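Enquirer: I'm passing along final.cif; it holds mmCIF, C-alpha atoms.
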```
data_upload
#
loop_
_atom_site.label_atom_id
_atom_site.label_comp_id
_atom_site.auth_asym_id
_atom_site.auth_seq_id
_atom_site.Cartn_x
_atom_site.Cartn_y
_atom_site.Cartn_z
CA MET A 7 1.71 17.46 11.34
CA ILE A 8 0.68 13.83 11.48
CA TYR A 9 -2.32 12.02 10.08
CA GLN A 10 -3.19 8.39 10.69
CA LYS A 11 -5.91 6.03 9.53
CA GLU A 12 -6.48 2.29 9.85
CA ILE A 13 -8.10 0.55 6.90
CA THR A 14 -9.17 -3.00 6.07
CA VAL A 15 -8.47 -4.63 2.73
CA PRO A 16 -11.03 -7.31 1.77
CA SER A 17 -9.81 -10.90 1.34
CA LEU A 18 -7.48 -11.38 -1.59
CA LYS A 19 -6.42 -14.67 -3.04
CA ARG A 20 -2.89 -15.92 -2.49
CA GLY A 21 -0.54 -13.86 -4.64
CA TYR A 22 0.74 -10.36 -5.29
CA HIS A 23 -1.84 -7.60 -5.73
CA LEU A 24 -1.47 -4.01 -6.93
CA ILE A 25 -3.19 -1.78 -4.37
CA THR A 26 -1.84 1.66 -5.33
CA SER A 27 -5.21 3.09 -6.33
CA ASN A 28 -6.93 1.57 -3.28
CA ILE A 29 -4.40 3.28 -1.02
CA ILE A 30 -4.63 6.63 -2.81
CA SER A 31 -8.42 6.55 -2.54
CA GLU A 32 -8.09 6.24 1.26
CA LEU A 33 -5.79 9.25 1.65
CA PRO A 34 -6.84 12.80 2.51
CA ASP A 35 -5.48 15.77 0.56
CA LEU A 36 -1.75 15.29 0.82
CA PRO A 37 0.63 17.85 2.30
CA ARG A 38 3.05 19.54 -0.11
CA THR A 39 6.08 17.61 1.26
CA GLY A 40 6.11 14.58 3.51
CA LEU A 41 6.23 10.82 3.84
CA LEU A 42 3.56 8.14 3.74
CA HIS A 43 4.16 5.05 5.89
CA ILE A 44 2.01 2.00 5.14
CA PHE A 45 2.07 -0.80 7.71
CA ILE A 46 0.44 -4.24 7.56
CA LYS A 47 -0.60 -5.67 10.93
CA HIS A 48 0.02 -9.32 10.00
CA THR A 49 2.80 -11.88 9.96
CA SER A 50 1.78 -13.89 6.91
CA ALA A 51 1.22 -11.06 4.44
CA GLY A 52 3.57 -8.29 3.34
CA LEU A 53 3.98 -5.02 1.49
CA THR A 54 6.47 -4.10 -1.20
CA LEU A 55 6.89 -1.75 -4.16
CA ASN A 56 7.44 -3.22 -7.60
CA GLU A 57 6.51 -3.17 -11.29
CA ASN A 58 3.01 -1.87 -11.91
CA ALA A 59 2.39 -2.63 -15.59
CA ASP A 60 2.80 -6.27 -16.58
CA TYR A 61 0.75 -8.72 -14.53
CA THR A 62 3.21 -11.55 -15.34
CA VAL A 63 5.69 -9.86 -13.00
CA ARG A 64 3.28 -10.50 -10.14
CA GLU A 65 2.72 -14.07 -11.30
CA ASP A 66 6.48 -14.60 -11.37
CA PHE A 67 6.73 -13.22 -7.82
CA GLU A 68 4.45 -16.07 -6.70
CA LYS A 69 6.53 -18.68 -8.51
CA VAL A 70 9.93 -17.36 -7.45
CA PHE A 71 9.09 -16.95 -3.75
CA ASN A 72 7.69 -20.47 -3.71
CA LYS A 73 11.08 -21.63 -4.99
CA ILE A 74 13.01 -19.57 -2.41
CA VAL A 75 10.76 -20.71 0.46
CA PRO A 76 9.28 -24.08 -0.54
CA GLU A 77 6.38 -25.67 1.33
CA ASN A 78 6.33 -29.16 2.84
CA GLN A 79 9.98 -29.37 3.79
CA SER A 80 10.90 -31.89 6.47
CA TYR A 81 12.84 -29.30 8.49
CA TYR A 82 9.80 -27.17 9.36
CA SER A 83 8.62 -27.51 12.97
CA HIS A 84 5.78 -24.96 12.87
CA THR A 85 3.33 -26.91 10.69
CA PHE A 86 0.03 -27.10 12.59
CA GLU A 87 -1.58 -24.20 10.68
CA GLY A 88 -0.94 -25.82 7.29
CA ALA A 89 1.79 -26.16 4.71
CA ASP A 90 1.46 -22.54 3.61
CA ASP A 91 1.85 -21.03 7.10
CA MET A 92 5.54 -21.20 7.98
CA PRO A 93 6.64 -20.23 4.44
CA ALA A 94 4.21 -17.29 4.75
CA HIS A 95 5.99 -16.08 7.90
CA ILE A 96 9.38 -16.26 6.18
CA LYS A 97 8.12 -14.45 3.09
CA ALA A 98 6.58 -11.74 5.29
CA SER A 99 10.00 -10.98 6.77
CA LEU A 100 11.80 -11.27 3.42
CA LEU A 101 9.50 -8.74 1.76
CA GLY A 102 8.74 -6.64 4.81
CA ASN A 103 5.68 -5.36 6.62
CA SER A 104 5.85 -1.69 5.66
CA VAL A 105 6.79 0.73 2.91
CA THR A 106 7.59 4.43 3.22
CA ILE A 107 6.97 6.64 0.18
CA PRO A 108 7.98 10.30 -0.28
CA ILE A 109 5.23 12.85 -0.79
CA THR A 110 6.30 15.61 -3.19
CA GLU A 111 4.14 18.46 -4.46
CA SER A 112 1.14 16.84 -2.78
CA SER A 113 1.44 13.48 -4.58
CA LEU A 114 3.08 10.14 -3.87
CA ASN A 115 6.52 10.44 -5.50
CA LEU A 116 6.66 6.93 -6.92
CA GLY A 117 8.78 6.08 -9.95
CA THR A 118 6.96 5.59 -13.24
CA TRP A 119 6.88 1.82 -12.85
CA GLN A 120 6.44 1.57 -9.09
CA GLY A 121 3.22 0.26 -7.63
CA ILE A 122 2.27 -0.82 -4.11
CA TYR A 123 1.88 -4.60 -3.75
CA LEU A 124 -0.09 -6.34 -1.04
CA CYS A 125 1.53 -9.77 -0.86
CA GLU A 126 -0.90 -12.42 0.37
CA PHE A 127 1.10 -15.48 1.36
CA ARG A 128 -1.72 -17.61 2.83
CA ASN A 129 -4.14 -19.72 0.83
CA SER A 130 -7.00 -18.13 2.80
CA GLY A 131 -5.58 -15.11 4.56
CA GLY A 132 -8.82 -13.23 5.08
CA ARG A 133 -9.12 -9.49 5.50
CA ARG A 134 -5.92 -7.56 6.18
CA LYS A 135 -5.54 -4.43 8.31
CA LEU A 136 -3.26 -1.61 7.23
CA VAL A 137 -2.23 1.53 9.11
CA LEU A 138 -1.53 4.62 6.98
CA THR A 139 0.53 7.37 8.61
CA ILE A 140 1.39 10.66 6.90
CA TYR A 141 4.12 12.97 8.15
CA SER A 142 4.59 16.52 6.99
CA MET B 24 8.22 16.42 18.26
CA ILE B 25 11.06 13.95 18.15
CA TYR B 26 12.56 11.70 20.80
CA GLN B 27 15.65 9.56 20.38
CA LYS B 28 17.54 7.11 22.56
CA GLU B 29 20.39 4.68 21.95
CA ILE B 30 20.27 1.40 23.83
CA THR B 31 22.47 -1.69 24.05
CA VAL B 32 21.08 -5.21 23.95
CA PRO B 33 23.23 -7.77 25.84
CA SER B 34 24.79 -10.63 23.84
CA LEU B 35 22.26 -13.06 22.47
CA LYS B 36 22.99 -16.45 21.03
CA ARG B 37 22.70 -16.99 17.29
CA GLY B 38 19.03 -17.06 16.38
CA TYR B 39 15.83 -15.05 16.39
CA HIS B 40 14.82 -13.36 19.63
CA LEU B 41 11.59 -11.66 20.66
CA ILE B 42 12.51 -8.25 22.08
CA THR B 43 9.12 -6.50 22.08
CA SER B 44 8.93 -6.14 25.86
CA ASN B 45 12.58 -5.06 26.09
CA ILE B 46 11.89 -2.28 23.58
CA ILE B 47 8.68 -1.16 25.27
CA SER B 48 10.45 -0.96 28.63
CA GLU B 49 12.96 1.48 27.11
CA LEU B 50 10.34 3.85 25.73
CA PRO B 51 9.03 7.01 27.42
CA ASP B 52 5.28 7.72 27.60
CA LEU B 53 4.24 7.51 23.99
CA PRO B 54 2.56 10.34 22.08
CA ARG B 55 -1.06 9.81 21.07
CA THR B 56 -0.18 9.36 17.37
CA GLY B 57 3.21 8.80 15.80
CA LEU B 58 5.80 6.36 14.55
CA LEU B 59 8.57 4.41 16.27
CA HIS B 60 11.69 3.72 14.20
CA ILE B 61 14.06 1.06 15.55
CA PHE B 62 17.48 0.87 13.93
CA ILE B 63 20.28 -1.66 14.50
CA LYS B 64 23.80 -0.28 14.03
CA HIS B 65 25.29 -3.53 12.73
CA THR B 66 25.79 -5.44 9.48
CA SER B 67 25.53 -8.99 10.78
CA ALA B 68 22.35 -8.72 12.83
CA GLY B 69 18.90 -7.55 11.78
CA LEU B 70 15.43 -6.54 12.88
CA THR B 71 12.08 -7.80 11.68
CA LEU B 72 8.48 -8.23 12.84
CA ASN B 73 6.99 -11.69 12.96
CA GLU B 74 4.96 -14.23 14.93
CA ASN B 75 5.16 -13.69 18.67
CA ALA B 76 3.54 -16.82 20.14
CA ASP B 77 5.08 -20.11 19.05
CA TYR B 78 8.84 -20.37 19.62
CA THR B 79 9.11 -22.97 16.83
CA VAL B 80 8.51 -20.17 14.33
CA ARG B 81 11.76 -18.58 15.48
CA GLU B 82 13.54 -21.94 15.34
CA ASP B 83 12.28 -22.40 11.79
CA PHE B 84 13.59 -18.94 10.87
CA GLU B 85 17.08 -20.14 11.81
CA LYS B 86 16.73 -23.30 9.74
CA VAL B 87 15.17 -21.67 6.69
CA PHE B 88 17.63 -18.76 6.45
CA ASN B 89 20.52 -21.23 6.74
CA LYS B 90 19.04 -22.99 3.70
CA ILE B 91 18.58 -19.74 1.73
CA VAL B 92 22.10 -18.51 2.60
CA PRO B 93 24.23 -21.59 3.31
CA GLU B 94 27.65 -21.36 4.95
CA ASN B 95 30.90 -22.78 3.57
CA GLN B 96 30.15 -22.32 -0.11
CA SER B 97 33.12 -22.23 -2.46
CA TYR B 98 31.97 -19.00 -4.10
CA TYR B 99 32.40 -16.83 -0.99
CA SER B 100 35.43 -14.50 -1.11
CA HIS B 101 34.89 -12.74 2.23
CA THR B 102 35.75 -15.62 4.57
CA PHE B 103 38.45 -14.38 6.95
CA GLU B 104 36.02 -13.64 9.82
CA GLY B 105 34.60 -17.17 9.81
CA ALA B 106 32.03 -19.27 7.98
CA ASP B 107 29.12 -17.46 9.63
CA ASP B 108 30.26 -13.95 8.66
CA MET B 109 29.41 -13.50 4.99
CA PRO B 110 26.05 -15.31 5.32
CA ALA B 111 25.35 -12.97 8.26
CA HIS B 112 25.87 -9.92 6.03
CA ILE B 113 23.49 -11.30 3.40
CA LYS B 114 20.85 -12.17 5.99
CA ALA B 115 21.14 -8.66 7.49
CA SER B 116 20.20 -7.14 4.14
CA LEU B 117 17.48 -9.73 3.42
CA LEU B 118 15.74 -9.05 6.72
CA GLY B 119 16.67 -5.41 7.09
CA ASN B 120 18.25 -3.19 9.69
CA SER B 121 15.20 -1.26 10.84
CA VAL B 122 11.49 -1.48 11.50
CA THR B 123 8.98 1.36 11.70
CA ILE B 124 5.84 0.81 13.80
CA PRO B 125 2.78 3.06 14.04
CA ILE B 126 1.91 4.56 17.43
CA THR B 127 -1.85 4.82 17.93
CA GLU B 128 -3.62 5.96 21.10
CA SER B 129 -0.26 6.05 22.87
CA SER B 130 0.62 2.40 22.19
CA LEU B 131 2.55 0.49 19.55
CA ASN B 132 -0.08 -0.47 16.99
CA LEU B 133 1.20 -3.98 16.30
CA GLY B 134 -1.06 -6.74 15.05
CA THR B 135 -2.15 -9.38 17.56
CA TRP B 136 0.57 -11.79 16.44
CA GLN B 137 3.35 -9.33 15.66
CA GLY B 138 6.47 -9.18 17.79
CA ILE B 139 9.81 -7.46 17.29
CA TYR B 140 12.64 -9.89 16.48
CA LEU B 141 16.31 -9.19 16.98
CA CYS B 142 17.97 -11.53 14.48
CA GLU B 143 21.48 -12.51 15.60
CA PHE B 144 23.26 -14.02 12.61
CA ARG B 145 26.75 -14.46 14.15
CA ASN B 146 27.81 -17.33 16.37
CA SER B 147 29.24 -14.77 18.82
CA GLY B 148 27.86 -11.41 17.85
CA GLY B 149 28.30 -9.66 21.17
CA ARG B 150 26.26 -6.71 22.36
CA ARG B 151 24.15 -4.90 19.78
CA LYS B 152 23.36 -1.19 19.67
CA LEU B 153 19.90 0.04 18.69
CA VAL B 154 18.66 3.58 18.09
CA LEU B 155 15.01 4.26 18.95
CA THR B 156 13.44 7.34 17.35
CA ILE B 157 9.86 8.46 18.01
CA TYR B 158 8.05 10.94 15.76
CA SER B 159 4.80 12.65 16.68
CA MET C 18 10.66 20.44 9.97
CA ILE C 19 11.02 18.57 6.73
CA TYR C 20 13.56 18.82 3.94
CA GLN C 21 13.41 16.96 0.64
CA LYS C 22 15.61 16.74 -2.43
CA GLU C 23 15.61 14.54 -5.53
CA ILE C 24 19.00 13.52 -6.91
CA THR C 25 20.23 11.45 -9.84
CA VAL C 26 23.01 8.90 -9.53
CA PRO C 27 24.97 8.38 -12.77
CA SER C 28 24.91 4.91 -14.39
CA LEU C 29 26.64 2.26 -12.35
CA LYS C 30 27.57 -1.18 -13.53
CA ARG C 31 25.65 -4.19 -12.29
CA GLY C 32 26.62 -4.83 -8.70
CA TYR C 33 26.63 -3.35 -5.22
CA HIS C 34 28.05 0.15 -4.81
CA LEU C 35 28.94 2.13 -1.68
CA ILE C 36 27.29 5.54 -2.00
CA THR C 37 27.55 6.84 1.58
CA SER C 38 29.81 9.75 0.71
CA ASN C 39 27.77 10.64 -2.38
CA ILE C 40 24.65 10.85 -0.22
CA ILE C 41 26.33 12.89 2.52
CA SER C 42 27.64 15.35 -0.06
CA GLU C 43 24.05 15.99 -1.21
CA LEU C 44 22.71 16.73 2.27
CA PRO C 45 22.30 20.19 3.84
CA ASP C 46 23.50 20.89 7.39
CA LEU C 47 21.73 18.20 9.38
CA PRO C 48 19.37 18.89 12.27
CA ARG C 49 20.55 17.86 15.74
CA THR C 50 18.09 14.92 15.91
CA GLY C 51 16.04 13.37 13.14
CA LEU C 52 15.76 10.71 10.47
CA LEU C 53 16.98 10.50 6.88
CA HIS C 54 14.81 8.52 4.47
CA ILE C 55 16.42 7.54 1.17
CA PHE C 56 14.10 6.22 -1.53
CA ILE C 57 14.95 4.78 -4.96
CA LYS C 58 12.31 5.38 -7.65
CA HIS C 59 12.95 2.13 -9.52
CA THR C 60 11.89 -1.51 -9.53
CA SER C 61 15.13 -3.13 -10.68
CA ALA C 62 17.58 -1.44 -8.31
CA GLY C 63 17.56 -1.30 -4.53
CA LEU C 64 19.05 0.25 -1.41
CA THR C 65 20.47 -1.46 1.65
CA LEU C 66 22.97 -0.89 4.46
CA ASN C 67 25.89 -3.25 4.81
CA GLU C 68 29.63 -3.64 5.36
CA ASN C 69 31.62 -0.63 4.21
CA ALA C 70 35.24 -1.81 4.38
CA ASP C 71 36.02 -4.94 2.37
CA TYR C 72 35.02 -4.79 -1.30
CA THR C 73 34.79 -8.59 -1.43
CA VAL C 74 31.61 -8.35 0.65
CA ARG C 75 30.00 -6.45 -2.21
CA GLU C 76 31.34 -8.97 -4.73
CA ASP C 77 29.87 -11.77 -2.66
CA PHE C 78 26.51 -9.98 -2.59
CA GLU C 79 26.46 -10.21 -6.40
CA LYS C 80 27.30 -13.91 -6.35
CA VAL C 81 24.91 -14.88 -3.55
CA PHE C 82 21.89 -13.01 -4.90
CA ASN C 83 22.47 -14.59 -8.31
CA LYS C 84 22.24 -17.97 -6.55
CA ILE C 85 19.09 -17.04 -4.64
CA VAL C 86 17.40 -15.59 -7.75
CA PRO C 87 18.98 -17.30 -10.77
CA GLU C 88 18.48 -16.05 -14.32
CA ASN C 89 17.18 -18.07 -17.26
CA GLN C 90 14.82 -20.33 -15.35
CA SER C 91 12.03 -21.96 -17.32
CA TYR C 92 9.36 -20.78 -14.86
CA TYR C 93 9.79 -17.06 -15.59
CA SER C 94 6.98 -15.54 -17.68
CA HIS C 95 8.21 -11.91 -17.69
CA THR C 96 11.23 -12.34 -19.99
CA PHE C 97 10.86 -9.82 -22.81
CA GLU C 98 13.22 -7.25 -21.26
CA GLY C 99 16.07 -9.74 -20.95
CA ALA C 100 17.30 -12.49 -18.64
CA ASP C 101 18.38 -9.99 -15.98
CA ASP C 102 15.03 -8.21 -15.73
CA MET C 103 12.70 -10.45 -13.72
CA PRO C 104 15.47 -11.46 -11.27
CA ALA C 105 16.15 -7.72 -10.87
CA HIS C 106 12.53 -7.12 -9.82
CA ILE C 107 12.70 -9.91 -7.24
CA LYS C 108 16.02 -8.68 -5.85
CA ALA C 109 14.60 -5.15 -5.59
CA SER C 110 11.83 -6.41 -3.31
CA LEU C 111 14.16 -8.70 -1.33
CA LEU C 112 16.57 -5.88 -0.54
CA GLY C 113 14.07 -3.05 -0.49
CA ASN C 114 13.67 0.35 -2.08
CA SER C 115 14.41 2.57 0.89
CA VAL C 116 16.52 2.93 4.02
CA THR C 117 15.85 5.13 7.04
CA ILE C 118 18.84 6.25 9.10
CA PRO C 119 18.80 8.07 12.46
CA ILE C 120 20.38 11.51 12.64
CA THR C 121 22.06 12.10 16.00
CA GLU C 122 24.08 15.17 16.99
CA SER C 123 23.79 16.43 13.42
CA SER C 124 25.36 13.35 11.79
CA LEU C 125 24.09 10.11 10.29
CA ASN C 126 24.16 7.65 13.20
CA LEU C 127 25.43 4.66 11.25
CA GLY C 128 27.35 1.86 12.93
CA THR C 129 31.11 1.76 12.39
CA TRP C 130 30.84 -0.78 9.59
CA GLN C 131 27.60 0.38 8.00
CA GLY C 132 27.60 1.94 4.55
CA ILE C 133 24.79 2.76 2.12
CA TYR C 134 24.68 0.43 -0.90
CA LEU C 135 23.05 1.23 -4.20
CA CYS C 136 22.25 -2.22 -5.62
CA GLU C 137 22.17 -2.18 -9.42
CA PHE C 138 20.48 -5.38 -10.58
CA ARG C 139 20.32 -4.66 -14.33
CA ASN C 140 23.19 -5.16 -16.78
CA SER C 141 22.54 -1.63 -18.11
CA GLY C 142 20.31 0.09 -15.60
CA GLY C 143 21.13 3.68 -16.52
CA ARG C 144 20.83 6.64 -14.19
CA ARG C 145 18.87 6.15 -10.99
CA LYS C 146 16.73 8.72 -9.19
CA LEU C 147 16.72 8.95 -5.40
CA VAL C 148 14.55 11.04 -3.09
CA LEU C 149 16.16 12.20 0.16
CA THR C 150 13.79 13.27 2.94
CA ILE C 151 14.95 14.60 6.32
CA TYR C 152 12.66 14.80 9.32
CA SER C 153 13.49 16.71 12.49
#
```
Please rewrite the model in this file as structure tokens.
Expert:
Amino acid sequence: MIYQKEITVPSLKRGYHLITSNIISELPDLPRTGLLHIFIKHTSAGLTLNENADYTVREDFEKVFNKIVPENQSYYSHTFEGADDMPAHIKASLLGNSVTIPITESSLNLGTWQGIYLCEFRNSGGRRKLVLTIYS
Amino acid sequence: MIYQKEITVPSLKRGYHLITSNIISELPDLPRTGLLHIFIKHTSAGLTLNENADYTVREDFEKVFNKIVPENQSYYSHTFEGADDMPAHIKASLLGNSVTIPITESSLNLGTWQGIYLCEFRNSGGRRKLVLTIYS
Amino acid sequence: MIYQKEITVPSLKRGYHLITSNIISELPDLPRTGLLHIFIKHTSAGLTLNENADYTVREDFEKVFNKIVPENQSYYSHTFEGADDMPAHIKASLLGNSVTIPITESSLNLGTWQGIYLCEFRNSGGRRKLVLTIYS
């Protein structure tokens, strides 16, 4: 059995945002056992799973990824969409454009501290489209 | 329903290569709804999704990942296969060895700007084997 | 058809550990064709596929990721769980929390040199829970 739905997440500011409850609210009754695949249809935003309790973790994500992929470096060629654009593409591939989560006993089987992050790498990324696919 | 096929991609030069049309040409008629999993059977090449229009994005990928994982550092122990080998292993795990793409209305449901990249991290990586698996 | 099992991996020291044979020993008879999804229910440990032969590759992983995400930087805010904690969260998202491997002719269809790594980013991470899901 397969279920699929496309959703739109309203504009979020640059940074790392917990969207676990937004995703769950979009899901139908879950099958007893399965997998949920979440896909982001963009190349300058990403999805990952990480710590869901302390907001400073998400603030540190912003700082650390800006260190790993700094803006305004002389070696960038793709610069016409702004200083945040090419670093956003790199971050999107570093963090990834999808997550797959087990479904167990009709719930997402996340660890206690795992939450779903939408990673907005652009200064003004706009709305983002996600595709949710459930297998069972 | 499950469909699976192993394909070989001819040698590509070191760098980031758009292979979306190559992949699509290998696929059978797609189911109405499903997922495509693409897997690369190697540890010094990777797969990712990113910007499909401006080739300078792919050139910048090469430059940026060489900054993040520089060659010829004194702390590498695994050096006997050449200066590009150990950085290639790290890059393979940073970018990942598979992508999973939703299938919607019998087409790959990629975003407008998303293309499939084969990331060749070796100077002479040779042919690369991929496994395509479709679920529906 | 779907099969799912949760397993616990005993405490491993900080570093990159080959767990391919541990995973295979936990699996039932595999279907002829399918996918295995392996998920780690933690935010300071990860899963990846990489070189399975030379242990110095795994030692270099430890060194390189400590360079990419150094400890004890003044810009970290989330520091109350120790110097290894925030870097562990970043590494978990860089490397990822799951891998999906094709099953072909009733075996994992890994490349010759591919092994499954459990990446323990904490100094004392304790036992780690994995969820194995097989689709066919």
Enquirer: Within 7 Å of chain C, which residues of chain A show up when using all atoms listed in the file, listed as JSON, numbers by chain?
Expert: {"A": [54, 55, 56, 57, 62, 63, 66, 67, 74, 100, 101, 116, 117, 119, 120, 142]}
Enquirer: I'd like to see the residues matched by the PyMOL selection byres ((chain B and resi 31) around 6) on this file, and ideally I'd get them as a VMD selection string.
Expert: chain B and resid 30 32 151 to 152
Enquirer: Pick the closest to Phe88 in chain B from A:Asn28, A:Asp90, A:Lys97, A:Thr110: which is it, counting all atoms listed in the file?
Expert: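 Nearest to Phe88 in chain B: A:Lys97.
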Enquirer: With all Cα atoms paired residue by residue, do a least-squares superposition of chain B on chain A and hand back the transformed coordinates as a compact mmCIF listing (two decimals) with C-alpha atoms, in the frame of the given file.
Expert:
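So the final result, stored in selection13.txt, reads:
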```txt
# COMPACT_ATOMS: atom_id res chain seq x y z
CA MET B 24 1.71 17.45 11.36
CA ILE B 25 0.68 13.83 11.49
CA TYR B 26 -2.32 12.01 10.08
CA GLN B 27 -3.17 8.38 10.69
CA LYS B 28 -5.90 6.02 9.53
CA GLU B 29 -6.49 2.29 9.84
CA ILE B 30 -8.11 0.56 6.89
CA THR B 31 -9.17 -3.00 6.07
CA VAL B 32 -8.46 -4.63 2.73
CA PRO B 33 -11.03 -7.31 1.75
CA SER B 34 -9.80 -10.91 1.34
CA LEU B 35 -7.48 -11.39 -1.58
CA LYS B 36 -6.42 -14.67 -3.06
CA ARG B 37 -2.89 -15.92 -2.50
CA GLY B 38 -0.55 -13.85 -4.64
CA TYR B 39 0.73 -10.36 -5.30
CA HIS B 40 -1.84 -7.60 -5.73
CA LEU B 41 -1.47 -4.02 -6.93
CA ILE B 42 -3.19 -1.79 -4.37
CA THR B 43 -1.82 1.64 -5.32
CA SER B 44 -5.20 3.08 -6.33
CA ASN B 45 -6.92 1.56 -3.29
CA ILE B 46 -4.39 3.28 -1.02
CA ILE B 47 -4.62 6.62 -2.81
CA SER B 48 -8.42 6.56 -2.54
CA GLU B 49 -8.10 6.25 1.25
CA LEU B 50 -5.79 9.24 1.64
CA PRO B 51 -6.84 12.80 2.51
CA ASP B 52 -5.48 15.78 0.54
CA LEU B 53 -1.75 15.29 0.81
CA PRO B 54 0.64 17.85 2.29
CA ARG B 55 3.05 19.53 -0.11
CA THR B 56 6.07 17.60 1.25
CA GLY B 57 6.12 14.58 3.51
CA LEU B 58 6.23 10.82 3.84
CA LEU B 59 3.55 8.13 3.74
CA HIS B 60 4.17 5.05 5.89
CA ILE B 61 2.00 2.01 5.14
CA PHE B 62 2.07 -0.79 7.70
CA ILE B 63 0.44 -4.23 7.55
CA LYS B 64 -0.60 -5.65 10.93
CA HIS B 65 0.02 -9.29 10.00
CA THR B 66 2.81 -11.88 9.96
CA SER B 67 1.78 -13.87 6.90
CA ALA B 68 1.21 -11.06 4.43
CA GLY B 69 3.57 -8.29 3.34
CA LEU B 70 3.97 -5.03 1.48
CA THR B 71 6.46 -4.10 -1.20
CA LEU B 72 6.89 -1.76 -4.17
CA ASN B 73 7.44 -3.22 -7.60
CA GLU B 74 6.51 -3.17 -11.29
CA ASN B 75 3.01 -1.87 -11.90
CA ALA B 76 2.38 -2.64 -15.59
CA ASP B 77 2.78 -6.28 -16.58
CA TYR B 78 0.72 -8.73 -14.51
CA THR B 79 3.19 -11.53 -15.33
CA VAL B 80 5.68 -9.85 -12.99
CA ARG B 81 3.28 -10.50 -10.13
CA GLU B 82 2.72 -14.07 -11.30
CA ASP B 83 6.48 -14.58 -11.37
CA PHE B 84 6.73 -13.22 -7.81
CA GLU B 85 4.46 -16.06 -6.69
CA LYS B 86 6.53 -18.66 -8.52
CA VAL B 87 9.93 -17.35 -7.46
CA PHE B 88 9.10 -16.94 -3.75
CA ASN B 89 7.68 -20.48 -3.72
CA LYS B 90 11.09 -21.62 -4.99
CA ILE B 91 13.03 -19.57 -2.41
CA VAL B 92 10.77 -20.72 0.46
CA PRO B 93 9.29 -24.08 -0.55
CA GLU B 94 6.39 -25.67 1.33
CA ASN B 95 6.33 -29.16 2.84
CA GLN B 96 9.99 -29.38 3.79
CA SER B 97 10.91 -31.89 6.47
CA TYR B 98 12.84 -29.31 8.49
CA TYR B 99 9.79 -27.17 9.36
CA SER B 100 8.63 -27.50 12.99
CA HIS B 101 5.78 -24.97 12.87
CA THR B 102 3.33 -26.92 10.70
CA PHE B 103 0.04 -27.11 12.59
CA GLU B 104 -1.59 -24.22 10.68
CA GLY B 105 -0.95 -25.81 7.29
CA ALA B 106 1.80 -26.16 4.71
CA ASP B 107 1.47 -22.53 3.61
CA ASP B 108 1.84 -21.04 7.10
CA MET B 109 5.52 -21.20 7.97
CA PRO B 110 6.63 -20.23 4.44
CA ALA B 111 4.20 -17.29 4.75
CA HIS B 112 5.98 -16.08 7.90
CA ILE B 113 9.37 -16.26 6.18
CA LYS B 114 8.11 -14.46 3.09
CA ALA B 115 6.57 -11.73 5.30
CA SER B 116 9.99 -10.98 6.77
CA LEU B 117 11.80 -11.27 3.41
CA LEU B 118 9.50 -8.74 1.77
CA GLY B 119 8.73 -6.64 4.82
CA ASN B 120 5.68 -5.36 6.62
CA SER B 121 5.86 -1.70 5.66
CA VAL B 122 6.78 0.73 2.92
CA THR B 123 7.59 4.42 3.24
CA ILE B 124 6.97 6.64 0.19
CA PRO B 125 7.98 10.28 -0.27
CA ILE B 126 5.22 12.86 -0.79
CA THR B 127 6.31 15.61 -3.18
CA GLU B 128 4.13 18.45 -4.48
CA SER B 129 1.13 16.84 -2.78
CA SER B 130 1.44 13.49 -4.58
CA LEU B 131 3.08 10.14 -3.88
CA ASN B 132 6.51 10.44 -5.48
CA LEU B 133 6.66 6.93 -6.92
CA GLY B 134 8.77 6.07 -9.94
CA THR B 135 6.96 5.60 -13.25
CA TRP B 136 6.90 1.82 -12.85
CA GLN B 137 6.44 1.56 -9.10
CA GLY B 138 3.21 0.25 -7.62
CA ILE B 139 2.27 -0.82 -4.11
CA TYR B 140 1.88 -4.60 -3.75
CA LEU B 141 -0.09 -6.33 -1.04
CA CYS B 142 1.54 -9.77 -0.87
CA GLU B 143 -0.91 -12.42 0.37
CA PHE B 144 1.11 -15.47 1.35
CA ARG B 145 -1.72 -17.61 2.83
CA ASN B 146 -4.14 -19.71 0.83
CA SER B 147 -7.00 -18.13 2.81
CA GLY B 148 -5.59 -15.12 4.58
CA GLY B 149 -8.82 -13.23 5.09
CA ARG B 150 -9.11 -9.48 5.49
CA ARG B 151 -5.92 -7.56 6.18
CA LYS B 152 -5.55 -4.44 8.31
CA LEU B 153 -3.25 -1.61 7.24
CA VAL B 154 -2.24 1.54 9.11
CA LEU B 155 -1.54 4.62 6.98
CA THR B 156 0.53 7.38 8.61
CA ILE B 157 1.38 10.67 6.90
CA TYR B 158 4.14 12.97 8.15
CA SER B 159 4.61 16.54 6.98
```
Enquirer: Report the residues retrieved by the PyMOL selection byres ((chain C and resi 41) around 12) from the displayed file, expressed as a list in words.
Expert: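 What the PyMOL selection byres ((chain C and resi 41) around 12) grabs from the file is Ile24, Leu35, Ile36, Thr37, Ser38, Asn39, Ile40, Ser42, Glu43, Leu44, Pro45, Asp46, Leu47, Leu53, Ile55, Ile118, Ile120, Ser123, Ser124, Leu125, Gly132, Ile133 and Leu149 of chain C.
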Enquirer: For the structure shown, which residues end up in the PyMOL selection byres ((chain B and resi 34) around 9)? Put them as an MDAnalysis selection string, please?
Expert: chainID B and resid 32:33 35:36 147:151
Enquirer: If I take CA of Arg37 in chain B and CA of Tyr140 in chain B, how far is one from the other in Å, to one decimal?
Expert: 12.3 Å
Enquirer: How many Å separate CA of Val70 in chain A from CA of Glu88 in chain C?
Expert: 11.0 Å
Enquirer: At what distance in Å, to one decimal, does CA of Arg81 in chain B lie from CA of Leu53 in chain A?
Expert: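 Interatomic distance here is 21.0 Å.
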